[in-house]
Amino acid sequence: MLILECPYCGVKAEETELSPGYEAHLKRYGPGSTPEEFEAYMFARKNPKGVHFERWRHAYGCGKWFLAARCTATLEVFGTYPAQSSAPPADLQAKIKAKRPNWEGYK
Amino acid sequence: MKRYSVFAIAKQAMNYHLGWERAWAAPEPKKHYDVIVVGAGGHGLATAYYLGKNHGIKNVAIIEKGWLGGGNTGRNTTIIRSNYLQDPSSAIYDKALQLYENLSQDLNYNVMFSPRGLLMLAQTHHEVRGYLRTVHANMLQGVQTEYISPAKVKELVPIINNDGPRYPILGALYQPRGGTGRHDAVAWGYARACSAMGMDIIQQTEVTAVRSEGGVVKGVETSKGFIGCNKLGVVVAGHSGQLAEMAGFRLPIEAVALQALVSEPIKPCMDVVVMANTVHGYMSQSDKGEMVIGGGTDGFNNFTQRGSFHHIEETLRALVETFPMISRLKMLRQWGGIVDMTGDRSPIISKTPLGNCFFNCGWGTGGFKAIPGSGWAMAELMAKGEPGPLAEEFSMWRFKEGKFIDESVAAGVAH
Ligand SMILES: Cc1cc2nc3c(=O)[nH]c(=O)nc-3n(C[C@H](O)[C@H](O)[C@H](O)COP(=O)(O)OP(=O)(O)OC[C@H]3O[C@@H](n4cnc5c(N)ncnc54)[C@H](O)[C@@H]3O)c2cc1C
Ligand SMILES: [Zn+2]
């Protein structure tokens with residue numbers, strides 16, 4: 001069972017209390033973008049077997065979106081952070097790197 | 001390969017059944033093959049089989065990191081049907097169904113195909129409209145399906161509760177030719193036939209990199225060293241994204257866990273397949289008497305072959321209302337498989353940015369039923385280098401072009 005701590009209200013919520021929102025830090029393309037950009041944004045999402053950054057919503061709690069760093073191969077959770085971040089926080093990245101020395105870093 | 005027949009059984013019976021030969025060989029890899037297929041699931045094995053049978057290409061290796069049929073092919077709930085909505089889908093799924101109808105004879109291996117009939121329950125008005133639309137589409141496609149009344153549903157499935165209150169049954173989409181097959185036997189039958197044609201099935205060997213030169217594939221690095229090839233077919237379901245990365249591009253695919261469970265065996269009580277998409281559950285009875293139950297997919301990327309626990313409760317809660325008699329059944333086993341989901345819930349059978357490298361993937365939650373048709377189409381694509389009529393709409397570039405084959409309704413939860 002997946003348990004994520006909501007960075008806003010501090011509740012350790014298990015997954016039935018949360019809604020998944022897939023890839024975090026997406027660049028959203030608008031009108032005038034190329035077919036390649038739309039394809040990349042809408043369909044060609046990251047799908048790593050390992051470290052992944054995702055959006056989640058505390059749906060049956062405070063209702064807010066937040067971000068989480070998780071390993072898709074083991075379900076280990078590295079940490080959660082506010083949705084207002086444009087990249088994973090440096091301390092979280094360092095923590096992941098310590099646990100996964102082969103991780104190529106956030107791209 | 002010695003043929004299986006009633007005479008073979010009689011002959012072996014005289015000899016304490018000691019004379020049966022191995023169904024397939026366990027060779028060491030050669031240095032080079034005309035074709036390498038990565039992944040010995042149903043789709044990979046069927047690809048190799050039709051390469052040999054339809055196109056005379058027999059210098060083929062099938063490389064599998066685990067054991068053959070140990071991926072989703074050995075983990076699914078074995079539903080076979082072809083009542084999809086869009087024309088390219090019914091074409092390939094119905095081709096598969098037609099091949100399934102004669103597959104045991106074709107392979108000389110009993111795949112236990114059982115066209116027992118399949119119902120997709122309409123439990124909301126939205127579903128009623130959706131299924132009526134599917135029946136009309138199927139009529140135009142020449143795929144026989146019908147929309148049946150709740151009374152007819154009750155006649156076909158005496159153990160069903162039509163009245164709700166939460167999920168009343170308003171009708172059903174019925175495909176009499178649909179049914180089930182034995183999933184392992186499909187993999188084993190194709191494997192035996194491939195081995196008999198002289199192909200090498202190399203198990204316990206993981207592909208770790210794809211080697212190319214000047215934009216054309218040259219072979220694969222594996223846990224048993226480099227193996228060269230002229231053409232590469234990648235058929236690895238949940239790991240398609242990883243293999244695409246090795247080949248130098250990204251696929252519009254995400255991997256999630258889908259789970260299923262089976263009950264203790266009971267006496268025969270339901271001789272059709274029943275799917276209930278609104279409540280994310282479906283059920284059939286295996287020849288051993290177990291109720292085979294399919295559950296939900298997780299809503300997040302996941303490579304562990306088990307699903308989230310709460311899906312089991314959700315699925316069973318809904319099924320108990322629809323089939324009250326199962327309320328006291330014990331569940332024996334639960335498991336998951338990693339399914340490869342595309343944005344339009346349709347597969348990819350395609351050339352790729354890398355020359356002579358082809359991908360067959362994206363079957364997601366519903367590709368068991370497609371195995372023979374998919375192998376047929378993939379073999380044609382690999383042999384000719386260009387897709388034939390079955391595969392041409394399933395290109396990986398359709399997402400950029402906006403030419404989706406939207407099956408999100410027909411694929412629903414399930415299969
Ligand atoms: C619980 C569940 C229920 C389902 N129910 C149904 C159903 O009722 N009806 C239906 O039609 N479909 C159903 N499906 C979907 C169906 O199982 C799949 O679409 C189908 O089996 C995919 O077959 P495949 O050959 O493409 O993949 P797989 O059988 O998964 O084969 C892929 C193989 O590739 C191998 N591989 C991966 N990476 C590598 C590597 N690097 N090197 C070498 N080998 C590698 C894997 O080990 C695996 O054996 C279900 C799936 C699940 C999980
Ligand atoms: Zn919260």
# chains A, B, ... in the order shown; residues from 1 in each chain; ligands from 1
$ residues_around --residues "stretch 18-23 of chain A" --least-positions-apart "5" --cutoff "12 Å" --atoms "only C-alpha atoms" --output "PyMOL selection string"
(chain A and resi 1-6+11-13+28+40-48+51-70+72+83) or (chain B and resi 254-256+298-302)
$ residues_around --residues "B:His183" --least-positions-apart "4" --cutoff "12 Å" --atoms "only C-alpha atoms" --output "VMD selection string"
chain B and resid 41 to 43 68 to 80 100 110 to 114 187 to 190 286 367 to 371
$ write_last_selection --atoms "C-alpha atoms" --output "short mmCIF file (atom, residue, chain, number, x, y, z; two decimals), in the first residue's frame"
data_model
loop_
_atom_site.label_atom_id
_atom_site.label_comp_id
_atom_site.auth_asym_id
_atom_site.auth_seq_id
_atom_site.Cartn_x
_atom_site.Cartn_y
_atom_site.Cartn_z
CA GLY B 41 5.38 -13.89 -24.51
CA GLY B 42 2.49 -14.88 -26.74
CA HIS B 43 3.01 -11.96 -29.12
CA LEU B 68 8.64 -18.23 -21.85
CA GLY B 69 5.05 -17.18 -21.19
CA GLY B 70 5.99 -15.87 -17.73
CA GLY B 71 4.99 -12.26 -18.44
CA ASN B 72 1.46 -11.04 -19.01
CA THR B 73 0.76 -14.00 -21.27
CA GLY B 74 0.80 -16.28 -18.23
CA ARG B 75 -0.93 -13.75 -15.95
CA ASN B 76 -4.07 -12.77 -17.80
CA THR B 77 -7.69 -13.83 -17.40
CA THR B 78 -7.78 -15.34 -20.92
CA ILE B 79 -10.78 -13.49 -22.33
CA ILE B 80 -11.02 -13.64 -26.12
CA TYR B 100 -7.84 -18.99 -32.45
CA ASN B 110 -4.49 -28.08 -27.44
CA VAL B 111 -4.88 -24.41 -26.54
CA MET B 112 -8.31 -25.19 -25.05
CA PHE B 113 -10.00 -22.43 -27.00
CA SER B 114 -13.52 -22.30 -25.62
CA ALA B 187 2.63 -19.74 -25.39
CA TRP B 188 3.71 -23.38 -25.17
CA GLY B 189 2.04 -24.36 -28.44
CA TYR B 190 3.70 -21.54 -30.37
CA SER B 286 -12.07 -22.16 -15.48
CA GLY B 367 -3.77 -8.33 -25.68
CA PHE B 368 -4.17 -12.02 -24.93
CA LYS B 369 -7.10 -12.24 -27.34
CA ALA B 370 -4.98 -10.61 -30.04
CA ILE B 371 -1.96 -12.92 -29.96
#
$ interface_residues --of "chain B" --to "chain A" --cutoff "10 Å" --atoms "only C-alpha atoms" --output "count of residues only"
34
$ select_by_dssp --residues "stretch 178-331 of chain B" --states "helix (DSSP H, G or I)" --output "JSON, numbers by chain"
{"B": [183, 184, 185, 186, 187, 188, 189, 190, 191, 192, 193, 194, 195, 196, 237, 238, 239, 240, 241, 242, 243, 244, 245, 246, 247, 309, 310, 311, 312, 313, 314, 315, 316, 317, 318, 319, 320, 321, 322, 324, 325, 326, 327, 328]}
$ residues_around --residues "B:Glu146" --least-positions-apart "4" --cutoff "7 Å" --atoms "only C-alpha atoms" --output "PyMOL selection string"
chain B and resi 135+173-175
$ residues_around --residues "A:Ser86" --least-positions-apart "3" --cutoff "10 Å" --atoms "only C-alpha atoms" --output "number ranges by chain"
A: 24-27, 82-83, 89
$ atom_distance --atom1 "atom CA of B:Asp271" --atom2 "atom CA of B:Ser82"
18.8 Å
$ closest_residue --among "B:Arg129, B:Arg328, B:Arg182, B:Lys58" --to "ligand 1" --atoms "only C-alpha atoms and all ligand atoms"
B:Arg182
$ atom_distance --atom1 "atom CA of B:Gly39" --atom2 "atom 47 (O, counted along the ligand's line) of ligand 1"
6.0 Å
$ atom_distance --atom1 "atom 7 (C, counted along the ligand's line) of ligand 1" --atom2 "atom CA of B:Ala61"
27.0 Å
$ residues_around --residues "B:Ala40" --least-positions-apart "3" --cutoff "9 Å" --atoms "only C-alpha atoms" --output "PyMOL selection string"
chain B and resi 37+43-46+62-71+187+191+201-203+235-236
$ write_last_selection --atoms "C-alpha atoms" --output "PDB file, in the first residue's frame"
ATOM      1  CA  VAL B  37      12.603 -11.303 -31.415  1.00  0.00           C
ATOM      2  CA  HIS B  43       3.006 -11.963 -29.120  1.00  0.00           C
ATOM      3  CA  GLY B  44       6.750 -12.555 -29.557  1.00  0.00           C
ATOM      4  CA  LEU B  45       6.339 -16.288 -30.081  1.00  0.00           C
ATOM      5  CA  ALA B  46       3.447 -15.800 -32.518  1.00  0.00           C
ATOM      6  CA  ILE B  62      13.522 -15.468 -29.466  1.00  0.00           C
ATOM      7  CA  ILE B  63      15.291 -14.007 -26.437  1.00  0.00           C
ATOM      8  CA  GLU B  64      13.516 -14.034 -23.085  1.00  0.00           C
ATOM      9  CA  LYS B  65      14.824 -12.675 -19.788  1.00  0.00           C
ATOM     10  CA  GLY B  66      12.674 -14.985 -17.646  1.00  0.00           C
ATOM     11  CA  TRP B  67      10.814 -18.064 -18.768  1.00  0.00           C
ATOM     12  CA  LEU B  68       8.637 -18.226 -21.852  1.00  0.00           C
ATOM     13  CA  GLY B  69       5.049 -17.183 -21.191  1.00  0.00           C
ATOM     14  CA  GLY B  70       5.994 -15.865 -17.730  1.00  0.00           C
ATOM     15  CA  GLY B  71       4.992 -12.264 -18.442  1.00  0.00           C
ATOM     16  CA  ALA B 187       2.632 -19.737 -25.393  1.00  0.00           C
ATOM     17  CA  ALA B 191       7.042 -22.257 -28.664  1.00  0.00           C
ATOM     18  CA  ILE B 201      14.185 -19.944 -27.912  1.00  0.00           C
ATOM     19  CA  ILE B 202      16.775 -18.567 -25.518  1.00  0.00           C
ATOM     20  CA  GLN B 203      15.393 -18.208 -22.008  1.00  0.00           C
ATOM     21  CA  VAL B 235       7.716  -7.517 -28.139  1.00  0.00           C
ATOM     22  CA  VAL B 236       8.147  -6.949 -24.407  1.00  0.00           C
TER      23      VAL B 236
END
$ select_by_dssp --residues "stretch 2-100 of chain A" --states "strand (DSSP E or B)" --output "ChimeraX atom specification"
/A:3-5,12-14,19-23,51-57,65-71,77-82
$ decode --residues "stretch 24-56 of chain A" --atoms "N, CA and C atoms" --output "mmCIF file, in the first residue's frame"
data_model
loop_
_atom_site.group_PDB
_atom_site.id
_atom_site.type_symbol
_atom_site.label_atom_id
_atom_site.label_comp_id
_atom_site.auth_asym_id
_atom_site.auth_seq_id
_atom_site.Cartn_x
_atom_site.Cartn_y
_atom_site.Cartn_z
ATOM 1 N N ALA A 24 5.341 14.680 -13.191
ATOM 2 C CA ALA A 24 5.461 16.034 -12.629
ATOM 3 C C ALA A 24 6.332 16.896 -13.528
ATOM 4 N N HIS A 25 6.344 18.192 -13.271
ATOM 5 C CA HIS A 25 7.209 19.158 -13.971
ATOM 6 C C HIS A 25 7.044 19.107 -15.483
ATOM 7 N N LEU A 26 5.818 18.819 -15.939
ATOM 8 C CA LEU A 26 5.571 18.787 -17.386
ATOM 9 C C LEU A 26 5.600 20.199 -17.938
ATOM 10 N N LYS A 27 6.153 20.330 -19.130
ATOM 11 C CA LYS A 27 5.996 21.604 -19.825
ATOM 12 C C LYS A 27 4.729 21.493 -20.662
ATOM 13 N N ARG A 28 3.774 22.358 -20.403
ATOM 14 C CA ARG A 28 2.489 22.302 -21.114
ATOM 15 C C ARG A 28 2.520 23.210 -22.329
ATOM 16 N N TYR A 29 2.379 22.621 -23.496
ATOM 17 C CA TYR A 29 2.436 23.413 -24.729
ATOM 18 C C TYR A 29 1.052 23.924 -25.105
ATOM 19 N N GLY A 30 0.987 25.104 -25.640
ATOM 20 C CA GLY A 30 -0.296 25.714 -26.003
ATOM 21 C C GLY A 30 -0.415 25.914 -27.497
ATOM 22 N N PRO A 31 -1.381 26.757 -27.899
ATOM 23 C CA PRO A 31 -1.613 27.009 -29.324
ATOM 24 C C PRO A 31 -0.336 27.475 -30.020
ATOM 25 N N GLY A 32 -0.127 27.032 -31.238
ATOM 26 C CA GLY A 32 1.052 27.449 -31.983
ATOM 27 C C GLY A 32 2.236 26.516 -31.821
ATOM 28 N N SER A 33 2.128 25.531 -30.946
ATOM 29 C CA SER A 33 3.243 24.594 -30.769
ATOM 30 C C SER A 33 3.263 23.568 -31.908
ATOM 31 N N THR A 34 4.389 22.889 -32.046
ATOM 32 C CA THR A 34 4.527 21.917 -33.140
ATOM 33 C C THR A 34 3.881 20.579 -32.754
ATOM 34 N N PRO A 35 3.568 19.742 -33.746
ATOM 35 C CA PRO A 35 3.031 18.403 -33.441
ATOM 36 C C PRO A 35 3.973 17.621 -32.522
ATOM 37 N N GLU A 36 5.293 17.781 -32.705
ATOM 38 C CA GLU A 36 6.257 17.068 -31.868
ATOM 39 C C GLU A 36 6.107 17.492 -30.404
ATOM 40 N N GLU A 37 5.936 18.820 -30.197
ATOM 41 C CA GLU A 37 5.798 19.308 -28.821
ATOM 42 C C GLU A 37 4.512 18.791 -28.179
ATOM 43 N N PHE A 38 3.426 18.823 -28.944
ATOM 44 C CA PHE A 38 2.166 18.310 -28.405
ATOM 45 C C PHE A 38 2.278 16.819 -28.093
ATOM 46 N N GLU A 39 2.907 16.063 -29.002
ATOM 47 C CA GLU A 39 3.035 14.625 -28.785
ATOM 48 C C GLU A 39 3.838 14.358 -27.515
ATOM 49 N N ALA A 40 4.940 15.101 -27.372
ATOM 50 C CA ALA A 40 5.805 14.890 -26.210
ATOM 51 C C ALA A 40 5.045 15.209 -24.923
ATOM 52 N N TYR A 41 4.308 16.293 -24.945
ATOM 53 C CA TYR A 41 3.601 16.724 -23.739
ATOM 54 C C TYR A 41 2.422 15.812 -23.415
ATOM 55 N N MET A 42 1.661 15.426 -24.454
ATOM 56 C CA MET A 42 0.427 14.699 -24.153
ATOM 57 C C MET A 42 0.607 13.181 -24.083
ATOM 58 N N PHE A 43 1.523 12.633 -24.868
ATOM 59 C CA PHE A 43 1.587 11.166 -24.943
ATOM 60 C C PHE A 43 2.923 10.561 -24.550
ATOM 61 N N ALA A 44 4.020 11.177 -24.984
ATOM 62 C CA ALA A 44 5.322 10.543 -24.756
ATOM 63 C C ALA A 44 5.847 10.896 -23.368
ATOM 64 N N ARG A 45 5.115 10.451 -22.371
ATOM 65 C CA ARG A 45 5.484 10.772 -20.994
ATOM 66 C C ARG A 45 6.658 9.914 -20.523
ATOM 67 N N LYS A 46 7.343 10.415 -19.484
ATOM 68 C CA LYS A 46 8.422 9.615 -18.889
ATOM 69 C C LYS A 46 7.843 8.353 -18.266
ATOM 70 N N ASN A 47 8.563 7.263 -18.407
ATOM 71 C CA ASN A 47 8.063 5.977 -17.916
ATOM 72 C C ASN A 47 9.230 5.162 -17.366
ATOM 73 N N PRO A 48 10.010 5.745 -16.418
ATOM 74 C CA PRO A 48 11.234 5.072 -15.986
ATOM 75 C C PRO A 48 10.952 3.874 -15.077
ATOM 76 N N LYS A 49 11.821 2.878 -15.160
ATOM 77 C CA LYS A 49 11.788 1.803 -14.168
ATOM 78 C C LYS A 49 12.804 2.213 -13.113
ATOM 79 N N GLY A 50 12.353 2.924 -12.116
ATOM 80 C CA GLY A 50 13.264 3.476 -11.110
ATOM 81 C C GLY A 50 12.711 4.801 -10.603
ATOM 82 N N VAL A 51 13.593 5.779 -10.450
ATOM 83 C CA VAL A 51 13.205 7.057 -9.842
ATOM 84 C C VAL A 51 12.239 7.824 -10.748
ATOM 85 N N HIS A 52 11.129 8.271 -10.169
ATOM 86 C CA HIS A 52 10.107 8.971 -10.949
ATOM 87 C C HIS A 52 9.514 10.100 -10.112
ATOM 88 N N PHE A 53 9.212 11.215 -10.780
ATOM 89 C CA PHE A 53 8.576 12.358 -10.104
ATOM 90 C C PHE A 53 7.157 12.500 -10.626
ATOM 91 N N GLU A 54 6.215 12.590 -9.683
ATOM 92 C CA GLU A 54 4.806 12.528 -10.061
ATOM 93 C C GLU A 54 3.968 13.592 -9.388
ATOM 94 N N ARG A 55 2.809 13.851 -9.970
ATOM 95 C CA ARG A 55 1.812 14.704 -9.330
ATOM 96 C C ARG A 55 0.816 13.815 -8.588
ATOM 97 N N TRP A 56 0.414 14.255 -7.444
ATOM 98 C CA TRP A 56 -0.646 13.574 -6.697
ATOM 99 C C TRP A 56 -1.554 14.641 -6.114
#
